[in-house]
Amino acid sequence: MLPVARNPAMTVLLLALLMGLQPVTTDLYLPALPALTEGFHASMVQTQLTLTALLLAFGTSQLVWGPLSDRWGRRPVLLGGIVVYGLSAMACALANSIETLIAARTIQGVAMGACVMAARAVIRDLYEPVQGAKVMSQALSGLGVIACACVPVGGFLTAHWGWRWALSSLAFFSWVTGLLVFFNFRESLQQRQPHAFQIHALWASVLQILKHPTFQAYSALSSASFAGLFTFLATSAFVFTQSMGLSQTVYGLLMVSMSLAYISGTFMCRWLLLRISVQKCVVAAGCLSLFSGVLMWVMAYWGSSQAWFGAWAIMLPMNLYLLAHGVHQPCGQSGCIAPFPEMAGTASALNGFTMMVVAFGMGTWIGTHMDNPLFTLAQGVSACAVSLALIAWLGVRTIPLTTDCSPA
């Protein structure tokens with residue numbers, strides 16, 4: 001098999017940039033939201049739609065991109081997705097109404113789905129399950145570095161040149177990524193599936209994947225872990241800037257600390273995988289998740305009434321959760337597609353769709369339980385932490401990470 005890029009380091013860089021499109025798209029423009037809302041004289045509901053519509057398009061579009069990439073290959077899907085992403089990013093920056101911006105962000109979500117889905121599938125094309133988890137953790141380390149920079153860069157661009165420059169930077173990021181993919185990425189799919197997009201064959205493949213216990217366990221793992229992170233992202237601004245009265249600068253630093261914890265988790269994942277199996281690695285991280293959830297609950301419901309309570313009391317358990325998240329995500333995202341080397345695109349798409357559905361459900365719950373943002377944050381993160389421990393112990397621990405697509 002030819003290498004997908006000129007060297008292994010370039011492969012990891014390309015994967016990190018492609019998967020990094022997600023935090024760039026969702027995080028970098030967050031500091032621009034107040035200015036954007038004011039500039040368009042838009043309501044909060046309309047402004048939130050610029051994110052909600054993007055996430056729905058991102059999750060749903062993967063159900064189409066996955067089978068297409070199994071049929072035509074990863075390279076055309078990646079290149080097509082990155083071109084559409086760049087054009088939609090420019091449309092966002094030039095939008096003259098909030099409705100136009102929402103439409104452009106929706107298209108951007110569709111294009112992002114192609115890039116992120118294909119990047120996950122490439123890992124299965126090239127690597128066996130355990131090695132794939134290691135490479136995934138390297139790529140997600142790069143994603144964490146990108147996420148660290150998003151909020152500060154977005155805030156700087158918005159403060160000095162306005163929100164349109166913040167949105168324009170997404171186009172710049174995509175064009176740089178696209179050029180690197182065009183000149184360095186070789187097709188990773190060695191055996192294309194000519195019937196992958198035919199309705200009967202596609203439905204049979206989807207059922208086969210969804211019924212497989214390995215997919216169920218590892219997809220549940222990645223989805224539950226992401227749901228906890230999404231809960232924090234959706235509630236943290238209300239907790240820290242409104243309830244606690246912290247400045248945007250301090251809030252940004254707290255977000256950076258969270259990204260650093262996640263990066264540390266991906267390094268811990270690789271260190272563990274050199275010494276123990278994927279299953280034991282996930283169980284260890286599940287124990288850490290459970291501890292972080294219990295600590296979060298105690299800090300919120302008992303500690304918040306104490307004089308010493310502060311932002312650190314929330315960030316300590318959350319950073320422990322993110323440390324475990326750095327293990328759960330590479331193991332979960334690579335593990336759920338491990339049994340399907342010939343349907344990696346479809347399996348990757350179903351996993352991505354599941355993660356977005358769970359996040360959307362969590363977002364809906366959060367929207368109706370925001371009377372006390374601190375308790376909402378604690379309840380959501382704690383519930384996800386308990387779920388992760390149960391999934392790790394009752395699911396992942398008992399299921400071998402196999403390359404056999406027949407149910408275990």
# chains A, B, ... in the order shown; residues from 1 in each chain; ligands from 1
>>> residues_around(residues="segment 271-278 of chain A", least_positions_apart="3", cutoff="10 Å", atoms="only C-alpha atoms", output="ChimeraX atom specification")
/A:129-131,133-134,265-268,281-284,327-328,331-332,335,396-397,400-401
>>> select_by_dssp(residues="segment 105-354 of chain A", states="alpha helix (DSSP H)", output="PyMOL selection string")
chain A and resi 105-126+129-161+163-184+199-211+213-237+248-273+278-301+311-335+344-354
>>> closest_residue(among="A:Trp308, A:Trp393, A:Phe353, A:Phe238", to="Ile366 of chain A", atoms="only C-alpha atoms")
A:Phe238
>>> residues_around(residues="Ile107 of chain A", least_positions_apart="5", cutoff="9 Å", atoms="only C-alpha atoms", output="ChimeraX atom specification")
/A:54,57-58,84-85,88,102,112
>>> residues_around(residues="Ile337 of chain A", least_positions_apart="6", cutoff="8 Å", atoms="only C-alpha atoms", output="list in words")
Ala121, Arg124, Phe215, Ala344, Ala347 and Ser348 of chain A
>>> residues_around(residues="Gln108 of chain A", least_positions_apart="5", cutoff="12 Å", atoms="only C-alpha atoms", output="compact mmCIF listing (two decimals) with C-alpha atoms, in the first residue's frame")
# COMPACT_ATOMS: atom_id res chain seq x y z
CA LEU A 21 -12.07 22.14 10.98
CA GLN A 22 -14.69 21.34 13.62
CA VAL A 24 -12.22 26.17 14.01
CA THR A 25 -15.77 26.38 12.66
CA THR A 26 -17.56 26.30 16.00
CA THR A 50 -25.93 30.01 13.01
CA LEU A 51 -24.51 27.30 15.27
CA ALA A 53 -28.05 24.77 11.78
CA LEU A 54 -24.36 24.14 11.19
CA LEU A 55 -24.25 21.24 13.68
CA LEU A 56 -27.39 19.64 12.28
CA ALA A 57 -26.04 19.91 8.73
CA PHE A 58 -22.68 18.55 9.90
CA GLY A 59 -24.18 15.47 11.52
CA SER A 61 -24.59 15.23 5.82
CA GLY A 81 -15.70 19.23 0.75
CA ILE A 82 -12.79 21.59 1.36
CA VAL A 83 -13.59 23.67 -1.74
CA VAL A 84 -17.26 24.05 -0.75
CA TYR A 85 -16.18 24.84 2.81
CA GLY A 86 -13.89 27.64 1.65
CA LEU A 87 -16.55 29.17 -0.61
CA SER A 88 -19.20 29.00 2.11
CA ALA A 89 -16.78 30.59 4.59
CA MET A 90 -16.35 33.54 2.25
CA ALA A 91 -20.13 33.72 1.86
CA CYS A 92 -20.41 33.91 5.67
CA ALA A 93 -17.91 36.75 5.83
CA LEU A 101 -25.42 33.92 7.24
CA ILE A 102 -27.55 31.05 8.55
CA ALA A 103 -27.83 29.59 5.04
CA GLY A 113 -19.10 16.79 7.44
CA ALA A 114 -17.31 15.56 4.31
CA CYS A 115 -13.87 16.52 5.62
CA LEU A 167 -15.24 34.56 9.72
CA LEU A 170 -12.09 30.21 8.38
CA ALA A 171 -11.71 30.53 4.63
CA SER A 174 -9.58 25.90 4.72
>>> closest_residue(among="A:Thr346, A:Ala261, A:Leu210, A:Phe360", to="Leu316 of chain A", atoms="only C-alpha atoms")
A:Ala261
>>> closest_atom_pairs(of="segment 91-183 of chain A", to="segment 63-80 of chain A", cutoff="10 Å", atoms="only C-alpha atoms", output="CSV")
residue,atom,partner,partner_atom,distance
A:Val110,CA,A:Trp65,CA,9.1
A:Ala111,CA,A:Gly80,CA,8.0
A:Met112,CA,A:Leu78,CA,9.4
A:Gly113,CA,A:Trp65,CA,7.4
A:Ala114,CA,A:Trp65,CA,5.6
A:Cys115,CA,A:Leu78,CA,5.2
A:Val116,CA,A:Leu78,CA,8.7
A:Met117,CA,A:Gly66,CA,6.8
A:Ala118,CA,A:Arg74,CA,5.8
A:Ala119,CA,A:Leu78,CA,8.1
A:Ala121,CA,A:Arg74,CA,7.9
A:Val122,CA,A:Arg74,CA,7.2
A:Asp125,CA,A:Arg74,CA,9.6
A:Thr177,CA,A:Leu79,CA,9.9
A:Gly178,CA,A:Leu79,CA,6.7
A:Leu179,CA,A:Leu79,CA,9.2
A:Val181,CA,A:Leu79,CA,7.5
A:Phe182,CA,A:Leu79,CA,7.1
>>> write_last_selection(atoms="N, CA and C atoms", output="CSV table (one decimal), in the first residue's frame")
chain,number,residue,atom,x,y,z
A,110,VAL,N,-22.4,21.2,6.0
A,110,VAL,CA,-22.4,20.1,5.1
A,110,VAL,C,-21.0,19.8,4.6
A,111,ALA,N,-20.2,20.8,4.2
A,111,ALA,CA,-18.9,20.6,3.7
A,111,ALA,C,-18.0,20.1,4.8
A,112,MET,N,-18.1,20.6,6.0
A,112,MET,CA,-17.3,20.1,7.2
A,112,MET,C,-17.6,18.7,7.4
A,113,GLY,N,-18.8,18.2,7.3
A,113,GLY,CA,-19.1,16.8,7.4
A,113,GLY,C,-18.3,15.9,6.5
A,114,ALA,N,-18.1,16.3,5.3
A,114,ALA,CA,-17.3,15.6,4.3
A,114,ALA,C,-15.9,15.4,4.8
A,115,CYS,N,-15.3,16.5,5.2
A,115,CYS,CA,-13.9,16.5,5.6
A,115,CYS,C,-13.6,15.7,6.9
A,116,VAL,N,-14.4,15.9,7.9
A,116,VAL,CA,-14.2,15.2,9.2
A,116,VAL,C,-14.5,13.7,9.1
A,117,MET,N,-15.6,13.4,8.4
A,117,MET,CA,-15.9,12.0,8.2
A,117,MET,C,-14.8,11.3,7.4
A,118,ALA,N,-14.3,11.9,6.3
A,118,ALA,CA,-13.3,11.2,5.5
A,118,ALA,C,-12.0,11.1,6.3
A,119,ALA,N,-11.7,12.0,7.1
A,119,ALA,CA,-10.4,11.9,7.9
A,119,ALA,C,-10.4,10.7,8.8
A,121,ALA,N,-12.2,8.0,8.4
A,121,ALA,CA,-12.2,6.8,7.5
A,121,ALA,C,-10.8,6.5,7.0
A,122,VAL,N,-10.0,7.5,6.7
A,122,VAL,CA,-8.7,7.4,6.2
A,122,VAL,C,-7.8,6.6,7.3
A,125,ASP,N,-8.5,3.1,6.8
A,125,ASP,CA,-8.0,2.6,5.6
A,125,ASP,C,-6.5,2.2,5.7
A,177,THR,N,-5.4,24.3,4.3
A,177,THR,CA,-5.6,22.8,4.4
A,177,THR,C,-5.9,22.2,3.1
A,178,GLY,N,-6.7,22.8,2.2
A,178,GLY,CA,-7.0,22.2,0.9
A,178,GLY,C,-5.7,22.1,0.1
A,179,LEU,N,-4.9,23.1,0.1
A,179,LEU,CA,-3.6,23.0,-0.7
A,179,LEU,C,-2.7,21.8,-0.2
A,181,VAL,N,-3.7,19.1,1.3
A,181,VAL,CA,-4.4,17.9,0.9
A,181,VAL,C,-4.2,17.6,-0.6
A,182,PHE,N,-4.3,18.6,-1.4
A,182,PHE,CA,-4.2,18.5,-2.9
A,182,PHE,C,-2.8,18.0,-3.2
>>> atom_distance(atom1="atom CA of Ala224 of chain A", atom2="atom CA of Leu388 of chain A")
6.3 Å
>>> atom_distance(atom1="atom CA of Ala227 of chain A", atom2="atom CA of Leu28 of chain A")
19.9 Å
>>> residues_around(residues="Ala35 of chain A", least_positions_apart="4", cutoff="9 Å", atoms="only C-alpha atoms", output="PyMOL selection string")
chain A and resi 31+39-40+158+162-163
>>> closest_residue(among="A:Cys384, A:Ala311, A:Ala42, A:Cys150", to="Val239 of chain A", atoms="only C-alpha atoms")
A:Ala311
>>> atom_distance(atom1="atom CA of Pro330 of chain A", atom2="atom CA of Val357 of chain A")
19.3 Å
>>> decode(residues="segment 106-150 of chain A", atoms="N, CA and C atoms", output="mmCIF file, in the first residue's frame")
data_model
loop_
_atom_site.group_PDB
_atom_site.id
_atom_site.type_symbol
_atom_site.label_atom_id
_atom_site.label_comp_id
_atom_site.auth_asym_id
_atom_site.auth_seq_id
_atom_site.Cartn_x
_atom_site.Cartn_y
_atom_site.Cartn_z
ATOM 1 N N THR A 106 -25.047 26.745 7.166
ATOM 2 C CA THR A 106 -25.597 25.409 6.940
ATOM 3 C C THR A 106 -24.793 24.674 5.866
ATOM 4 N N ILE A 107 -24.502 25.380 4.766
ATOM 5 C CA ILE A 107 -23.680 24.782 3.708
ATOM 6 C C ILE A 107 -22.291 24.458 4.240
ATOM 7 N N GLN A 108 -21.777 25.333 5.076
ATOM 8 C CA GLN A 108 -20.473 25.099 5.682
ATOM 9 C C GLN A 108 -20.475 23.827 6.529
ATOM 10 N N GLY A 109 -21.570 23.582 7.240
ATOM 11 C CA GLY A 109 -21.689 22.360 8.033
ATOM 12 C C GLY A 109 -21.702 21.117 7.166
ATOM 13 N N VAL A 110 -22.383 21.190 6.018
ATOM 14 C CA VAL A 110 -22.398 20.063 5.085
ATOM 15 C C VAL A 110 -20.985 19.751 4.600
ATOM 16 N N ALA A 111 -20.246 20.788 4.216
ATOM 17 C CA ALA A 111 -18.878 20.595 3.726
ATOM 18 C C ALA A 111 -17.955 20.087 4.829
ATOM 19 N N MET A 112 -18.126 20.601 6.044
ATOM 20 C CA MET A 112 -17.312 20.136 7.170
ATOM 21 C C MET A 112 -17.554 18.664 7.433
ATOM 22 N N GLY A 113 -18.798 18.207 7.253
ATOM 23 C CA GLY A 113 -19.102 16.792 7.438
ATOM 24 C C GLY A 113 -18.293 15.912 6.515
ATOM 25 N N ALA A 114 -18.103 16.340 5.259
ATOM 26 C CA ALA A 114 -17.308 15.557 4.309
ATOM 27 C C ALA A 114 -15.864 15.423 4.779
ATOM 28 N N CYS A 115 -15.291 16.511 5.245
ATOM 29 C CA CYS A 115 -13.873 16.517 5.623
ATOM 30 C C CYS A 115 -13.605 15.701 6.888
ATOM 31 N N VAL A 116 -14.399 15.919 7.914
ATOM 32 C CA VAL A 116 -14.177 15.228 9.190
ATOM 33 C C VAL A 116 -14.467 13.734 9.061
ATOM 34 N N MET A 117 -15.558 13.388 8.379
ATOM 35 C CA MET A 117 -15.895 11.982 8.184
ATOM 36 C C MET A 117 -14.799 11.255 7.424
ATOM 37 N N ALA A 118 -14.327 11.852 6.322
ATOM 38 C CA ALA A 118 -13.310 11.197 5.506
ATOM 39 C C ALA A 118 -11.999 11.051 6.268
ATOM 40 N N ALA A 119 -11.656 12.029 7.093
ATOM 41 C CA ALA A 119 -10.417 11.935 7.869
ATOM 42 C C ALA A 119 -10.447 10.732 8.803
ATOM 43 N N ARG A 120 -11.591 10.499 9.463
ATOM 44 C CA ARG A 120 -11.698 9.335 10.342
ATOM 45 C C ARG A 120 -11.613 8.036 9.534
ATOM 46 N N ALA A 121 -12.240 8.020 8.357
ATOM 47 C CA ALA A 121 -12.216 6.813 7.532
ATOM 48 C C ALA A 121 -10.811 6.513 7.018
ATOM 49 N N VAL A 122 -10.028 7.543 6.728
ATOM 50 C CA VAL A 122 -8.656 7.359 6.248
ATOM 51 C C VAL A 122 -7.838 6.569 7.258
ATOM 52 N N ILE A 123 -8.050 6.844 8.540
ATOM 53 C CA ILE A 123 -7.291 6.142 9.575
ATOM 54 C C ILE A 123 -7.569 4.648 9.514
ATOM 55 N N ARG A 124 -8.831 4.274 9.301
ATOM 56 C CA ARG A 124 -9.143 2.840 9.189
ATOM 57 C C ARG A 124 -8.592 2.254 7.897
ATOM 58 N N ASP A 125 -8.537 3.050 6.829
ATOM 59 C CA ASP A 125 -7.969 2.563 5.572
ATOM 60 C C ASP A 125 -6.513 2.156 5.736
ATOM 61 N N LEU A 126 -5.803 2.882 6.566
ATOM 62 C CA LEU A 126 -4.353 2.739 6.629
ATOM 63 C C LEU A 126 -3.843 1.886 7.782
ATOM 64 N N TYR A 127 -4.611 1.794 8.859
ATOM 65 C CA TYR A 127 -4.070 1.193 10.076
ATOM 66 C C TYR A 127 -5.013 0.141 10.651
ATOM 67 N N GLU A 128 -4.405 -0.840 11.313
ATOM 68 C CA GLU A 128 -5.168 -1.800 12.097
ATOM 69 C C GLU A 128 -5.671 -1.115 13.368
ATOM 70 N N PRO A 129 -6.663 -1.716 14.059
ATOM 71 C CA PRO A 129 -7.361 -0.999 15.138
ATOM 72 C C PRO A 129 -6.482 -0.356 16.203
ATOM 73 N N VAL A 130 -5.543 -1.101 16.780
ATOM 74 C CA VAL A 130 -4.753 -0.528 17.879
ATOM 75 C C VAL A 130 -3.863 0.596 17.374
ATOM 76 N N GLN A 131 -3.187 0.369 16.244
ATOM 77 C CA GLN A 131 -2.356 1.420 15.672
ATOM 78 C C GLN A 131 -3.213 2.607 15.251
ATOM 79 N N GLY A 132 -4.426 2.319 14.772
ATOM 80 C CA GLY A 132 -5.338 3.395 14.395
ATOM 81 C C GLY A 132 -5.699 4.274 15.576
ATOM 82 N N ALA A 133 -5.891 3.667 16.748
ATOM 83 C CA ALA A 133 -6.190 4.454 17.943
ATOM 84 C C ALA A 133 -5.026 5.371 18.301
ATOM 85 N N LYS A 134 -3.792 4.887 18.111
ATOM 86 C CA LYS A 134 -2.609 5.711 18.395
ATOM 87 C C LYS A 134 -2.524 6.882 17.433
ATOM 88 N N VAL A 135 -2.722 6.607 16.137
ATOM 89 C CA VAL A 135 -2.669 7.676 15.144
ATOM 90 C C VAL A 135 -3.813 8.665 15.360
ATOM 91 N N MET A 136 -4.999 8.158 15.697
ATOM 92 C CA MET A 136 -6.126 9.034 15.991
ATOM 93 C C MET A 136 -5.792 9.953 17.163
ATOM 94 N N SER A 137 -5.137 9.429 18.182
ATOM 95 C CA SER A 137 -4.793 10.262 19.334
ATOM 96 C C SER A 137 -3.783 11.339 18.940
ATOM 97 N N GLN A 138 -2.856 11.020 18.020
ATOM 98 C CA GLN A 138 -1.917 12.033 17.540
ATOM 99 C C GLN A 138 -2.651 13.142 16.793
ATOM 100 N N ALA A 139 -3.579 12.737 15.916
ATOM 101 C CA ALA A 139 -4.342 13.730 15.168
ATOM 102 C C ALA A 139 -5.186 14.590 16.104
ATOM 103 N N LEU A 140 -5.761 13.976 17.136
ATOM 104 C CA LEU A 140 -6.591 14.730 18.067
ATOM 105 C C LEU A 140 -5.750 15.616 18.985
ATOM 106 N N SER A 141 -4.474 15.266 19.178
ATOM 107 C CA SER A 141 -3.567 16.188 19.872
ATOM 108 C C SER A 141 -3.435 17.472 19.063
ATOM 109 N N GLY A 142 -3.280 17.303 17.735
ATOM 110 C CA GLY A 142 -3.229 18.474 16.872
ATOM 111 C C GLY A 142 -4.520 19.258 16.900
ATOM 112 N N LEU A 143 -5.657 18.544 16.925
ATOM 113 C CA LEU A 143 -6.951 19.215 17.044
ATOM 114 C C LEU A 143 -7.009 20.034 18.324
ATOM 115 N N GLY A 144 -6.474 19.484 19.416
ATOM 116 C CA GLY A 144 -6.480 20.207 20.688
ATOM 117 C C GLY A 144 -5.666 21.491 20.621
ATOM 118 N N VAL A 145 -4.518 21.435 19.932
ATOM 119 C CA VAL A 145 -3.706 22.644 19.761
ATOM 120 C C VAL A 145 -4.473 23.698 18.977
ATOM 121 N N ILE A 146 -5.148 23.262 17.909
ATOM 122 C CA ILE A 146 -5.958 24.184 17.114
ATOM 123 C C ILE A 146 -7.069 24.787 17.966
ATOM 124 N N ALA A 147 -7.735 23.942 18.768
ATOM 125 C CA ALA A 147 -8.816 24.426 19.622
ATOM 126 C C ALA A 147 -8.320 25.459 20.631
ATOM 127 N N CYS A 148 -7.095 25.260 21.127
ATOM 128 C CA CYS A 148 -6.500 26.214 22.077
ATOM 129 C C CYS A 148 -6.434 27.616 21.482
ATOM 130 N N ALA A 149 -6.113 27.672 20.200
ATOM 131 C CA ALA A 149 -5.893 28.971 19.564
ATOM 132 C C ALA A 149 -7.175 29.637 19.093
ATOM 133 N N CYS A 150 -8.253 28.871 18.961
ATOM 134 C CA CYS A 150 -9.455 29.393 18.295
ATOM 135 C C CYS A 150 -10.067 30.600 19.002
#
